[in-house]
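Participant: Contents are PDB, C-alpha atoms; file name input-v8.pdb:
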ATOM      1  CA  MET A   1     -28.923 127.430  30.149  1.00  0.00           C
ATOM      2  CA  ASN A   2     -29.990 129.645  27.285  1.00  0.00           C
ATOM      3  CA  ASP A   3     -30.368 127.641  24.068  1.00  0.00           C
ATOM      4  CA  GLU A   4     -30.081 130.674  21.821  1.00  0.00           C
ATOM      5  CA  ILE A   5     -26.971 132.604  20.883  1.00  0.00           C
ATOM      6  CA  ASP A   6     -27.325 135.894  19.008  1.00  0.00           C
ATOM      7  CA  ASP A   7     -24.104 137.660  18.123  1.00  0.00           C
ATOM      8  CA  GLY A   8     -25.880 140.451  16.255  1.00  0.00           C
ATOM      9  CA  VAL A   9     -27.203 140.943  12.770  1.00  0.00           C
ATOM     10  CA  GLY A  10     -24.159 142.345  10.986  1.00  0.00           C
ATOM     11  CA  ARG A  11     -20.634 141.417  10.099  1.00  0.00           C
ATOM     12  CA  TYR A  12     -17.431 142.886  11.404  1.00  0.00           C
ATOM     13  CA  ALA A  13     -13.788 142.631  10.393  1.00  0.00           C
ATOM     14  CA  SER A  14     -13.355 139.352   8.511  1.00  0.00           C
ATOM     15  CA  ARG A  15     -15.425 137.273  10.904  1.00  0.00           C
ATOM     16  CA  THR A  16     -18.956 136.145  10.174  1.00  0.00           C
ATOM     17  CA  ARG A  17     -21.273 136.040  13.149  1.00  0.00           C
ATOM     18  CA  ILE A  18     -22.792 132.636  13.795  1.00  0.00           C
ATOM     19  CA  ASN A  19     -26.060 132.483  15.707  1.00  0.00           C
ATOM     20  CA  ARG A  20     -28.155 129.679  17.142  1.00  0.00           C
ATOM     21  CA  ARG A  21     -31.952 129.775  17.324  1.00  0.00           C
ATOM     22  CA  VAL A  22     -34.111 127.090  18.895  1.00  0.00           C
ATOM     23  CA  LEU A  23     -37.736 126.409  18.014  1.00  0.00           C
ATOM     24  CA  ASP A  24     -39.904 124.075  20.114  1.00  0.00           C
ATOM     25  CA  ILE A  25     -43.041 122.694  18.433  1.00  0.00           C
ATOM     26  CA  VAL A  26     -45.572 120.940  20.686  1.00  0.00           C
ATOM     27  CA  GLY A  27     -47.639 117.967  19.515  1.00  0.00           C
ATOM     28  CA  ASP A  28     -51.350 118.721  19.229  1.00  0.00           C
ATOM     29  CA  GLY A  29     -52.937 115.446  18.121  1.00  0.00           C
ATOM     30  CA  SER A  30     -52.820 116.343  14.413  1.00  0.00           C
ATOM     31  CA  ALA A  31     -50.855 115.016  11.439  1.00  0.00           C
ATOM     32  CA  SER A  32     -49.094 118.335  10.840  1.00  0.00           C
ATOM     33  CA  ILE A  33     -47.492 120.668  13.389  1.00  0.00           C
ATOM     34  CA  SER A  34     -45.590 123.874  12.729  1.00  0.00           C
ATOM     35  CA  GLY A  35     -43.774 126.746  14.346  1.00  0.00           C
ATOM     36  CA  THR A  36     -42.388 130.024  13.079  1.00  0.00           C
ATOM     37  CA  ILE A  37     -39.313 132.018  13.915  1.00  0.00           C
ATOM     38  CA  ASP A  38     -38.130 135.457  12.770  1.00  0.00           C
ATOM     39  CA  MET A  39     -34.828 135.205  10.930  1.00  0.00           C
ATOM     40  CA  ASN A  40     -32.727 137.196   8.514  1.00  0.00           C
ATOM     41  CA  GLY A  41     -29.560 135.583   7.208  1.00  0.00           C
ATOM     42  CA  LYS A  42     -28.299 132.254   5.968  1.00  0.00           C
ATOM     43  CA  ILE A  43     -29.072 128.919   7.570  1.00  0.00           C
ATOM     44  CA  SER A  44     -26.063 126.626   7.573  1.00  0.00           C
ATOM     45  CA  ARG A  45     -27.302 123.669   9.673  1.00  0.00           C
ATOM     46  CA  ILE A  46     -30.588 122.404  11.124  1.00  0.00           C
ATOM     47  CA  ILE A  47     -30.775 119.836  13.899  1.00  0.00           C
ATOM     48  CA  LEU A  48     -34.190 118.183  14.161  1.00  0.00           C
ATOM     49  CA  ASP A  49     -34.597 116.475  17.549  1.00  0.00           C
ATOM     50  CA  MET A  50     -37.689 114.268  17.749  1.00  0.00           C
ATOM     51  CA  SER A  51     -36.532 112.378  20.879  1.00  0.00           C
ATOM     52  CA  ARG A  52     -39.149 114.158  23.045  1.00  0.00           C
ATOM     53  CA  MET A  53     -42.022 113.684  20.576  1.00  0.00           C
ATOM     54  CA  ALA A  54     -44.457 110.763  20.527  1.00  0.00           C
ATOM     55  CA  SER A  55     -46.657 109.712  17.625  1.00  0.00           C
ATOM     56  CA  ASN A  56     -48.649 106.744  16.437  1.00  0.00           C
ATOM     57  CA  SER A  57     -46.469 106.409  13.345  1.00  0.00           C
ATOM     58  CA  ASN A  58     -45.637 102.807  12.510  1.00  0.00           C
ATOM     59  CA  GLY A  59     -43.580 103.356   9.367  1.00  0.00           C
ATOM     60  CA  ALA A  60     -39.957 104.419   9.064  1.00  0.00           C
ATOM     61  CA  THR A  61     -40.695 106.772   6.141  1.00  0.00           C
ATOM     62  CA  GLN A  62     -43.922 108.533   7.203  1.00  0.00           C
ATOM     63  CA  GLY A  63     -42.372 111.819   8.403  1.00  0.00           C
ATOM     64  CA  SER A  64     -41.455 114.994   6.536  1.00  0.00           C
ATOM     65  CA  MET A  65     -40.195 118.537   7.174  1.00  0.00           C
ATOM     66  CA  ASP A  66     -40.912 121.682   5.150  1.00  0.00           C
ATOM     67  CA  ILE A  67     -39.323 125.127   5.488  1.00  0.00           C
ATOM     68  CA  SER A  68     -41.456 127.914   4.073  1.00  0.00           C
ATOM     69  CA  MET A  69     -41.579 131.697   3.964  1.00  0.00           C
ATOM     70  CA  ASP A  70     -44.199 134.239   4.998  1.00  0.00           C
ATOM     71  CA  ALA A  71     -45.229 134.786   1.380  1.00  0.00           C
ATOM     72  CA  GLU A  72     -47.726 132.724  -0.535  1.00  0.00           C
ATOM     73  CA  SER A  73     -49.079 132.077  -3.996  1.00  0.00           C
ATOM     74  CA  ASP A  74     -52.392 133.480  -5.204  1.00  0.00           C
ATOM     75  CA  GLY A  75     -53.961 130.195  -4.116  1.00  0.00           C
ATOM     76  CA  GLY A  76     -52.704 130.565  -0.536  1.00  0.00           C
ATOM     77  CA  THR A  77     -49.856 128.041  -0.698  1.00  0.00           C
ATOM     78  CA  ASP A  78     -46.703 129.057   1.190  1.00  0.00           C
ATOM     79  CA  TYR A  79     -43.572 129.439  -0.925  1.00  0.00           C
ATOM     80  CA  LYS A  80     -40.920 126.970   0.202  1.00  0.00           C
ATOM     81  CA  TYR A  81     -37.294 127.854   0.774  1.00  0.00           C
ATOM     82  CA  CYS A  82     -36.129 124.387  -0.231  1.00  0.00           C
ATOM     83  CA  GLU A  83     -37.474 120.997  -1.190  1.00  0.00           C
ATOM     84  CA  GLN A  84     -39.320 118.929   1.400  1.00  0.00           C
ATOM     85  CA  VAL A  85     -37.173 116.627   3.502  1.00  0.00           C
ATOM     86  CA  ALA A  86     -39.159 113.387   3.220  1.00  0.00           C
ATOM     87  CA  SER A  87     -38.992 109.792   4.426  1.00  0.00           C
ATOM     88  CA  LEU A  88     -38.118 110.750   8.016  1.00  0.00           C
ATOM     89  CA  ASP A  89     -38.599 108.242  10.826  1.00  0.00           C
ATOM     90  CA  PHE A  90     -40.898 109.927  13.375  1.00  0.00           C
ATOM     91  CA  ARG A  91     -41.819 106.685  15.169  1.00  0.00           C
ATOM     92  CA  THR A  92     -41.678 107.188  18.950  1.00  0.00           C
ATOM     93  CA  ALA A  93     -39.127 104.401  19.392  1.00  0.00           C
ATOM     94  CA  SER A  94     -36.705 105.833  16.801  1.00  0.00           C
ATOM     95  CA  ASN A  95     -35.839 108.977  18.823  1.00  0.00           C
ATOM     96  CA  LEU A  96     -34.673 110.619  15.582  1.00  0.00           C
ATOM     97  CA  VAL A  97     -32.080 113.360  15.857  1.00  0.00           C
ATOM     98  CA  GLY A  98     -31.392 114.423  12.276  1.00  0.00           C
ATOM     99  CA  HIS A  99     -28.693 116.819  11.090  1.00  0.00           C
ATOM    100  CA  PHE A 100     -29.269 118.700   7.835  1.00  0.00           C
ATOM    101  CA  GLN A 101     -27.151 121.342   6.159  1.00  0.00           C
ATOM    102  CA  ILE A 102     -27.282 123.527   3.090  1.00  0.00           C
ATOM    103  CA  ALA A 103     -25.968 121.998  -0.111  1.00  0.00           C
ATOM    104  CA  GLU A 104     -22.711 123.786  -0.812  1.00  0.00           C
ATOM    105  CA  GLY A 105     -21.603 124.285  -4.400  1.00  0.00           C
ATOM    106  CA  ALA A 106     -23.035 121.755  -6.799  1.00  0.00           C
ATOM    107  CA  ASN A 107     -23.739 119.124  -4.138  1.00  0.00           C
ATOM    108  CA  THR A 108     -27.315 118.018  -4.726  1.00  0.00           C
ATOM    109  CA  ASP A 109     -27.092 115.282  -2.131  1.00  0.00           C
ATOM    110  CA  THR A 110     -28.204 111.770  -2.746  1.00  0.00           C
ATOM    111  CA  ALA A 111     -27.829 110.837   0.946  1.00  0.00           C
ATOM    112  CA  GLY A 112     -30.630 113.059   2.260  1.00  0.00           C
ATOM    113  CA  ALA A 113     -28.521 115.240   4.577  1.00  0.00           C
ATOM    114  CA  HIS A 114     -28.365 118.369   2.399  1.00  0.00           C
ATOM    115  CA  LEU A 115     -31.216 120.802   1.754  1.00  0.00           C
ATOM    116  CA  THR A 116     -31.744 121.398  -1.967  1.00  0.00           C
ATOM    117  CA  ILE A 117     -34.035 123.149  -4.446  1.00  0.00           C
ATOM    118  CA  ASN A 118     -35.450 121.945  -7.753  1.00  0.00           C
ATOM    119  CA  ASN A 119     -35.806 123.998 -10.914  1.00  0.00           C
ATOM    120  CA  PRO A 120     -39.146 123.972 -12.816  1.00  0.00           C
ATOM    121  CA  ALA A 121     -37.934 120.986 -14.836  1.00  0.00           C
ATOM    122  CA  GLY A 122     -37.310 119.033 -11.623  1.00  0.00           C
ATOM    123  CA  ALA A 123     -33.496 119.065 -11.702  1.00  0.00           C
ATOM    124  CA  ALA A 124     -31.985 119.355  -8.226  1.00  0.00           C
ATOM    125  CA  GLY A 125     -29.698 122.233  -7.315  1.00  0.00           C
ATOM    126  CA  SER A 126     -28.013 123.543  -4.213  1.00  0.00           C
ATOM    127  CA  TRP A 127     -29.801 125.893  -1.776  1.00  0.00           C
ATOM    128  CA  ASN A 128     -27.721 128.708  -0.296  1.00  0.00           C
ATOM    129  CA  GLY A 129     -29.690 128.804   2.977  1.00  0.00           C
ATOM    130  CA  ALA A 130     -30.866 132.432   2.631  1.00  0.00           C
ATOM    131  CA  VAL A 131     -34.007 133.249   4.667  1.00  0.00           C
ATOM    132  CA  CYS A 132     -35.786 136.407   5.814  1.00  0.00           C
ATOM    133  CA  GLY A 133     -38.933 137.373   7.694  1.00  0.00           C
ATOM    134  CA  ARG A 134     -41.004 134.716   9.425  1.00  0.00           C
ATOM    135  CA  VAL A 135     -39.608 131.263   8.658  1.00  0.00           C
ATOM    136  CA  LYS A 136     -42.066 128.408   9.157  1.00  0.00           C
ATOM    137  CA  PHE A 137     -41.013 124.843   9.949  1.00  0.00           C
ATOM    138  CA  THR A 138     -43.714 122.222   9.360  1.00  0.00           C
ATOM    139  CA  LEU A 139     -43.432 118.599  10.472  1.00  0.00           C
ATOM    140  CA  SER A 140     -45.929 116.143   9.008  1.00  0.00           C
ATOM    141  CA  LEU A 141     -46.913 112.499   9.189  1.00  0.00           C
ATOM    142  CA  SER A 142     -48.564 110.610   6.324  1.00  0.00           C
ATOM    143  CA  GLY A 143     -50.876 107.619   6.327  1.00  0.00           C
ATOM    144  CA  GLY A 144     -53.396 109.048   8.811  1.00  0.00           C
ATOM    145  CA  LYS A 145     -50.830 109.115  11.621  1.00  0.00           C
ATOM    146  CA  VAL A 146     -50.684 111.921  14.225  1.00  0.00           C
ATOM    147  CA  PHE A 147     -48.322 113.536  16.722  1.00  0.00           C
ATOM    148  CA  THR A 148     -49.379 112.876  20.322  1.00  0.00           C
ATOM    149  CA  ASP A 149     -51.117 115.797  22.022  1.00  0.00           C
ATOM    150  CA  GLY A 150     -49.497 117.204  25.150  1.00  0.00           C
ATOM    151  CA  ALA A 151     -47.039 119.767  26.477  1.00  0.00           C
ATOM    152  CA  SER A 152     -44.351 117.123  27.046  1.00  0.00           C
ATOM    153  CA  ASN A 153     -44.384 116.090  23.357  1.00  0.00           C
ATOM    154  CA  ILE A 154     -41.890 118.499  21.830  1.00  0.00           C
ATOM    155  CA  ALA A 155     -40.011 118.584  18.553  1.00  0.00           C
ATOM    156  CA  LYS A 156     -36.893 120.732  19.025  1.00  0.00           C
ATOM    157  CA  ILE A 157     -35.404 122.397  15.966  1.00  0.00           C
ATOM    158  CA  THR A 158     -31.989 124.008  16.424  1.00  0.00           C
ATOM    159  CA  ILE A 159     -30.955 126.367  13.624  1.00  0.00           C
ATOM    160  CA  LEU A 160     -27.397 127.584  13.102  1.00  0.00           C
ATOM    161  CA  HIS A 161     -27.253 130.668  10.894  1.00  0.00           C
ATOM    162  CA  GLU A 162     -25.108 133.640   9.996  1.00  0.00           C
TER     163      GLU A 162
END
Written as structure tokens, that's how I'd like the structure from this file.
Facilitator:
Amino acid sequence: MNDEIDDGVGRYASRTRINRRVLDIVGDGSASISGTIDMNGKISRIILDMSRMASNSNGATQGSMDISMDAESDGGTDYKYCEQVASLDFRTASNLVGHFQIAEGANTDTAGAHLTINNPAGAAGSWNGAVCGRVKFTLSLSGGKVFTDGASNIAKITILHE
């Protein structure tokens, strides 16, 4: 079965094309793993499946996910598309499968399921999901914890976009 569906890059009639991209990131024994995917459009939903990934994490809030672009500041820091999704449970036993979506309208999400942005003053706002170029997904563990090295340790990220 092919995990990816690509209905083209344009729009036709009154129907918006919805596509699915899948990114597999393999554990490498480090605290931070990432993968990139070429995309141009608007992300509407991200499914983060950690059920095939092992780690030595022992805390329910040690995991995080960042989504960044292929542009960086003068200091070499990647620009982020949205705020970091923090306090994720990446413990091996949790088998986390998390669903995240863009924050429509003024929804700034207090439940942690919507992806948001912050203005320079720190006030949360909605993110429209727009991405282009090489989109980088980074998964990290804090507290000196690491993702287990090995080809069978896979984080699967499924991205629905138009």
Participant: With the PyMOL selection byres ((chain A and resi 132) around 8) as the selection, what would be picked from this file? Answer as a ChimeraX atom specification, please.
Facilitator: /A:38-41,69,130-131,133-135
Participant: Could you state the separation of atom CA of A:Ala60 and atom CA of A:His161 in Å, given to one decimal place?
Facilitator: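 About the pair atom CA of A:Ala60 and atom CA of A:His161: they are 29.2 Å apart.
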Participant: Quick one: pull the distance between atom CA of A:Ala93 and atom CA of A:Ser32, Å, one decimal.
Facilitator: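 Atom CA of A:Ala93 sits 19.1 Å away from atom CA of A:Ser32.
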Participant: Restricting the calculation to all atoms listed in the file: of A:Ile46, A:Met53, A:Ile18, A:Val85, which residue gets closest to A:Phe147?
Facilitator: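 Checking each candidate against A:Phe147, we get A:Met53 as the closest.
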Participant: Between A:Phe90, A:Trp127, A:Tyr79, A:Phe100, single out the one closest to A:Ala155, counting all atoms listed in the file.
Facilitator: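 Checking each candidate against A:Ala155, we get A:Phe90 as the closest.
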